[in-house]
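Participant: Following this line is run_5.cif, made up of mmCIF, C-alpha atoms, pLDDT in the B column; chains and numbers go by the auth columns:
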```cif
data_target
loop_
_atom_site.group_PDB
_atom_site.id
_atom_site.type_symbol
_atom_site.label_atom_id
_atom_site.label_comp_id
_atom_site.label_asym_id
_atom_site.label_seq_id
_atom_site.Cartn_x
_atom_site.Cartn_y
_atom_site.Cartn_z
_atom_site.B_iso_or_equiv
_atom_site.auth_seq_id
_atom_site.auth_asym_id
ATOM 1 C CA MET A 1 88.542 99.008 124.831 43.00 1 O
ATOM 2 C CA ASP A 2 86.430 96.075 123.730 42.00 2 O
ATOM 3 C CA LYS A 3 86.828 95.383 120.033 44.00 3 O
ATOM 4 C CA GLY A 4 84.593 92.347 120.056 42.00 4 O
ATOM 5 C CA LEU A 5 87.585 90.022 120.262 43.00 5 O
ATOM 6 C CA SER A 6 87.768 89.479 123.989 43.00 6 O
ATOM 7 C CA ASN A 7 84.563 87.444 124.069 46.00 7 O
ATOM 8 C CA GLY A 8 86.501 84.182 123.858 48.00 8 O
ATOM 9 C CA ARG A 9 85.991 83.484 120.167 48.00 9 O
ATOM 10 C CA LEU A 10 88.621 83.765 117.501 43.00 10 O
ATOM 11 C CA PRO A 11 88.262 86.467 114.858 43.00 11 O
ATOM 12 C CA ASP A 12 87.125 85.720 111.339 44.00 12 O
ATOM 13 C CA LEU A 13 90.196 84.447 109.514 41.00 13 O
ATOM 14 C CA GLU A 14 89.121 84.891 105.919 41.00 14 O
ATOM 15 C CA ALA A 15 91.965 85.665 103.563 38.00 15 O
ATOM 16 C CA PRO A 16 91.973 89.241 102.297 37.00 16 O
ATOM 17 C CA LYS A 17 90.241 89.650 98.972 38.00 17 O
ATOM 18 C CA LEU A 18 92.631 90.193 96.100 42.00 18 O
ATOM 19 C CA SER A 19 91.921 92.801 93.526 41.00 19 O
ATOM 20 C CA ALA A 20 91.894 91.791 89.912 71.00 20 O
ATOM 21 C CA GLY A 21 95.040 92.340 87.963 83.00 21 O
ATOM 22 C CA LEU A 22 98.254 90.729 86.897 85.00 22 O
ATOM 23 C CA GLN A 23 100.921 89.976 89.464 82.00 23 O
ATOM 24 C CA PRO A 24 104.435 89.458 88.076 81.00 24 O
ATOM 25 C CA SER A 25 104.376 85.916 89.464 82.00 25 O
ATOM 26 C CA ASP A 26 101.309 85.172 87.304 84.00 26 O
ATOM 27 C CA LEU A 27 103.509 85.371 84.221 84.00 27 O
ATOM 28 C CA LEU A 28 105.401 82.298 85.402 86.00 28 O
ATOM 29 C CA ALA A 29 102.230 80.256 85.862 86.00 29 O
ATOM 30 C CA LEU A 30 100.546 81.126 82.559 88.00 30 O
ATOM 31 C CA PRO A 31 100.920 79.081 79.383 89.00 31 O
ATOM 32 C CA GLU A 32 103.502 80.472 76.962 90.00 32 O
ATOM 33 C CA PRO A 33 101.173 82.144 74.441 90.00 33 O
ATOM 34 C CA GLN A 34 99.389 84.065 77.207 92.00 34 O
ATOM 35 C CA SER A 35 102.537 85.100 79.058 90.00 35 O
ATOM 36 C CA ASN A 36 104.221 86.093 75.780 92.00 36 O
ATOM 37 C CA VAL A 37 101.291 88.335 74.803 93.00 37 O
ATOM 38 C CA LEU A 38 101.236 89.984 78.221 92.00 38 O
ATOM 39 C CA ILE A 39 104.981 90.660 78.190 92.00 39 O
ATOM 40 C CA TRP A 40 104.723 91.989 74.623 94.00 40 O
ATOM 41 C CA MET A 41 101.851 94.279 75.630 92.00 41 O
ATOM 42 C CA LEU A 42 103.637 95.509 78.740 90.00 42 O
ATOM 43 C CA ARG A 43 106.478 96.693 76.529 92.00 43 O
ATOM 44 C CA ARG A 44 104.076 98.441 74.130 89.00 44 O
ATOM 45 C CA GLU A 45 101.524 99.656 76.715 85.00 45 O
ATOM 46 C CA ALA A 46 98.602 98.498 74.513 88.00 46 O
ATOM 47 C CA GLY A 47 97.821 96.714 71.271 91.00 47 O
ATOM 48 C CA THR A 48 94.988 96.292 68.790 92.00 48 O
ATOM 49 C CA PHE A 49 93.480 92.949 67.929 93.00 49 O
ATOM 50 C CA VAL A 50 95.235 93.016 64.543 94.00 50 O
ATOM 51 C CA GLU A 51 98.592 93.670 66.242 94.00 51 O
ATOM 52 C CA VAL A 52 98.045 90.812 68.690 94.00 52 O
ATOM 53 C CA LEU A 53 96.943 88.567 65.829 93.00 53 O
ATOM 54 C CA ALA A 54 100.137 89.363 63.899 95.00 54 O
ATOM 55 C CA PHE A 55 102.303 88.881 67.001 94.00 55 O
ATOM 56 C CA LEU A 56 100.826 85.476 67.807 93.00 56 O
ATOM 57 C CA GLY A 57 100.617 84.242 64.234 93.00 57 O
ATOM 58 C CA ARG A 58 97.478 82.275 65.113 91.00 58 O
ATOM 59 C CA GLY A 59 93.920 82.314 63.853 92.00 59 O
ATOM 60 C CA GLU A 60 91.294 84.909 64.786 94.00 60 O
ATOM 61 C CA ARG A 61 89.246 82.498 66.923 95.00 61 O
ATOM 62 C CA GLU A 62 92.249 81.362 68.914 94.00 62 O
ATOM 63 C CA THR A 63 93.412 84.952 69.394 93.00 63 O
ATOM 64 C CA HIS A 64 89.926 86.053 70.507 93.00 64 O
ATOM 65 C CA ALA A 65 89.790 83.137 72.949 94.00 65 O
ATOM 66 C CA LEU A 66 93.221 83.973 74.352 93.00 66 O
ATOM 67 C CA LEU A 67 92.353 87.654 74.833 93.00 67 O
ATOM 68 C CA ALA A 68 88.959 86.782 76.334 92.00 68 O
ATOM 69 C CA GLY A 69 90.622 84.412 78.803 91.00 69 O
ATOM 70 C CA LEU A 70 93.091 87.077 79.903 92.00 70 O
ATOM 71 C CA HIS A 71 90.267 89.624 80.172 90.00 71 O
ATOM 72 C CA ASP A 72 88.125 87.241 82.242 89.00 72 O
ATOM 73 C CA ARG A 73 90.987 86.692 84.692 89.00 73 O
ATOM 74 C CA GLY A 74 91.368 90.454 85.122 90.00 74 O
ATOM 75 C CA PHE A 75 94.797 90.569 83.469 91.00 75 O
ATOM 76 C CA MET A 76 93.710 92.783 80.598 90.00 76 O
ATOM 77 C CA HIS A 77 91.295 95.618 79.841 88.00 77 O
ATOM 78 C CA GLU A 78 89.737 96.694 76.597 89.00 78 O
ATOM 79 C CA ILE A 79 90.098 100.421 76.078 85.00 79 O
ATOM 80 C CA GLU A 80 88.955 102.831 73.394 84.00 80 O
ATOM 81 C CA LEU A 81 91.777 105.009 72.139 78.00 81 O
ATOM 82 C CA ARG A 82 91.247 107.461 69.292 81.00 82 O
ATOM 83 C CA GLY A 83 88.201 105.519 68.132 84.00 83 O
ATOM 84 C CA GLU A 84 90.065 102.215 68.098 86.00 84 O
ATOM 85 C CA ARG A 85 89.621 99.283 70.486 88.00 85 O
ATOM 86 C CA ARG A 86 92.884 98.366 72.149 91.00 86 O
ATOM 87 C CA TYR A 87 93.936 95.853 74.760 91.00 87 O
ATOM 88 C CA ARG A 88 96.004 96.871 77.743 90.00 88 O
ATOM 89 C CA VAL A 89 97.533 94.857 80.581 89.00 89 O
ATOM 90 C CA HIS A 90 95.966 95.512 83.963 88.00 90 O
ATOM 91 C CA MET A 91 98.583 95.187 86.668 85.00 91 O
ATOM 92 C CA ALA A 92 97.405 94.423 90.185 82.00 92 O
ATOM 93 C CA SER A 93 97.936 97.144 92.715 76.00 93 O
ATOM 94 C CA LYS A 94 100.448 96.404 95.401 69.00 94 O
ATOM 95 C CA ARG A 95 98.788 94.830 98.388 61.00 95 O
ATOM 96 C CA ARG A 96 99.459 96.356 101.713 56.00 96 O
ATOM 97 C CA ARG A 97 100.665 93.866 104.230 56.00 97 O
ATOM 98 C CA ALA A 98 98.011 93.302 106.844 60.00 98 O
ATOM 99 C CA LEU A 99 98.674 91.930 110.272 59.00 99 O
ATOM 100 C CA SER A 100 97.103 88.595 111.011 62.00 100 O
ATOM 101 C CA PRO A 101 93.766 88.702 112.841 69.00 101 O
ATOM 102 C CA ILE A 102 95.222 86.138 115.255 70.00 102 O
ATOM 103 C CA LEU A 103 97.986 88.594 116.162 65.00 103 O
ATOM 104 C CA TRP A 104 95.413 91.310 116.959 67.00 104 O
ATOM 105 C CA TYR A 105 93.362 88.785 118.965 69.00 105 O
ATOM 106 C CA THR A 106 96.419 87.758 120.967 72.00 106 O
ATOM 107 C CA LEU A 107 97.405 91.377 121.620 69.00 107 O
ATOM 108 C CA ASP A 108 93.881 92.172 122.829 73.00 108 O
ATOM 109 C CA GLU A 109 93.864 89.115 125.103 73.00 109 O
ATOM 110 C CA ASP A 110 97.287 90.039 126.512 66.00 110 O
ATOM 111 C CA ALA A 111 96.128 93.613 127.171 67.00 111 O
ATOM 112 C CA ASP A 112 92.976 92.351 128.925 70.00 112 O
ATOM 113 C CA GLN A 113 95.055 89.993 131.084 71.00 113 O
ATOM 114 C CA GLU A 114 97.477 92.821 131.942 69.00 114 O
ATOM 115 C CA ARG A 115 94.560 95.064 133.028 71.00 115 O
ATOM 116 C CA LYS A 116 93.185 92.280 135.267 74.00 116 O
ATOM 117 C CA GLU A 117 96.559 91.686 136.919 75.00 117 O
ATOM 118 C CA HIS A 118 97.429 95.393 137.392 73.00 118 O
ATOM 119 C CA PRO A 119 94.224 97.395 137.918 68.00 119 O
#
```
Show the structure stored in the file as structure tokens.

Facilitator:
Amino acid sequence: MDKGLSNGRLPDLEAPKLSAGLQPSDLLALPEPQSNVLIWMLRREAGTFVEVLAFLGRGERETHALLAGLHDRGFMHEIELRGERRYRVHMASKRRRALSPILWYTLDEDADQERKEHP
């Protein structure tokens, strides 16, 4: 039952890759205009540029920059709905909890030791 871990070296301990999308905790870390727009959009499901512009009460350039920043971070998607471009919040999928590679390594080492002691 060799899984490549009983060769004496520790497993690769890279952190799991996170999918793009908004975590609820991200709302706390974002500047107020960005978090406000995301909360507003979550309540509405989606919004047009004109609606976001009216909500923010800021200029077109600043609104475009804000939306582009949220899009680049994976917090928002642009969608086409009935021939109109709309913006929609992209929530991150729930991550499954994964056991630590060190735990699996230790379990494999313990099992190997047990087999050696009790053949």

Participant: Sorted by chain and rising residue number, which residues of region 71-92 of chain O lie within 7 Å of region 41-61 of chain O, and what are their closest atom pairs and distances in Å to one decimal, counting all atoms listed in the file, as a Markdown table?

Facilitator:
```
| residue | atom | partner | partner_atom | distance |
| --- | --- | --- | --- | --- |
| O:Arg85 | CA | O:Thr48 | CA | 6.4 |
| O:Arg86 | CA | O:Thr48 | CA | 4.5 |
| O:Tyr87 | CA | O:Gly47 | CA | 5.3 |
| O:Arg88 | CA | O:Ala46 | CA | 4.5 |
| O:Val89 | CA | O:Leu42 | CA | 6.4 |
```

Participant: Considering all atoms listed in the file, can you say which of O:Ile79, O:Met91, O:Ala68, O:Ile102 comes closest to Leu27 (chain O)?

Facilitator: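 Of all the options, O:Met91 lies closest to Leu27 (chain O).
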
Participant: With a distance cut-off of 12 Å and all atoms listed in the file, select the neighbouring residues of Leu30 (chain O), excluding the residue or stretch itself and same-chain residues fewer than 4 positions from it, and output the selection as a PyMOL selection string.

Facilitator: chain O and resi 22-26+34-39+66+69-70+73+75

Participant: Can you tell me how far CA of Thr63 (chain O) sits from CA of Ser93 (chain O), in Å to one decimal?

Facilitator: 26.7 Å

Participant: Record the distance separating CA of Glu80 (chain O) and CA of Trp40 (chain O), expressed in Å with one decimal.

Facilitator: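 A separation of 19.2 Å between them.
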
Participant: Distance CA of Ala92 (chain O)-CA of Pro31 (chain O), one decimal place?

Facilitator: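 CA of Pro31 (chain O) lies at a distance of 19.1 Å from CA of Ala92 (chain O).
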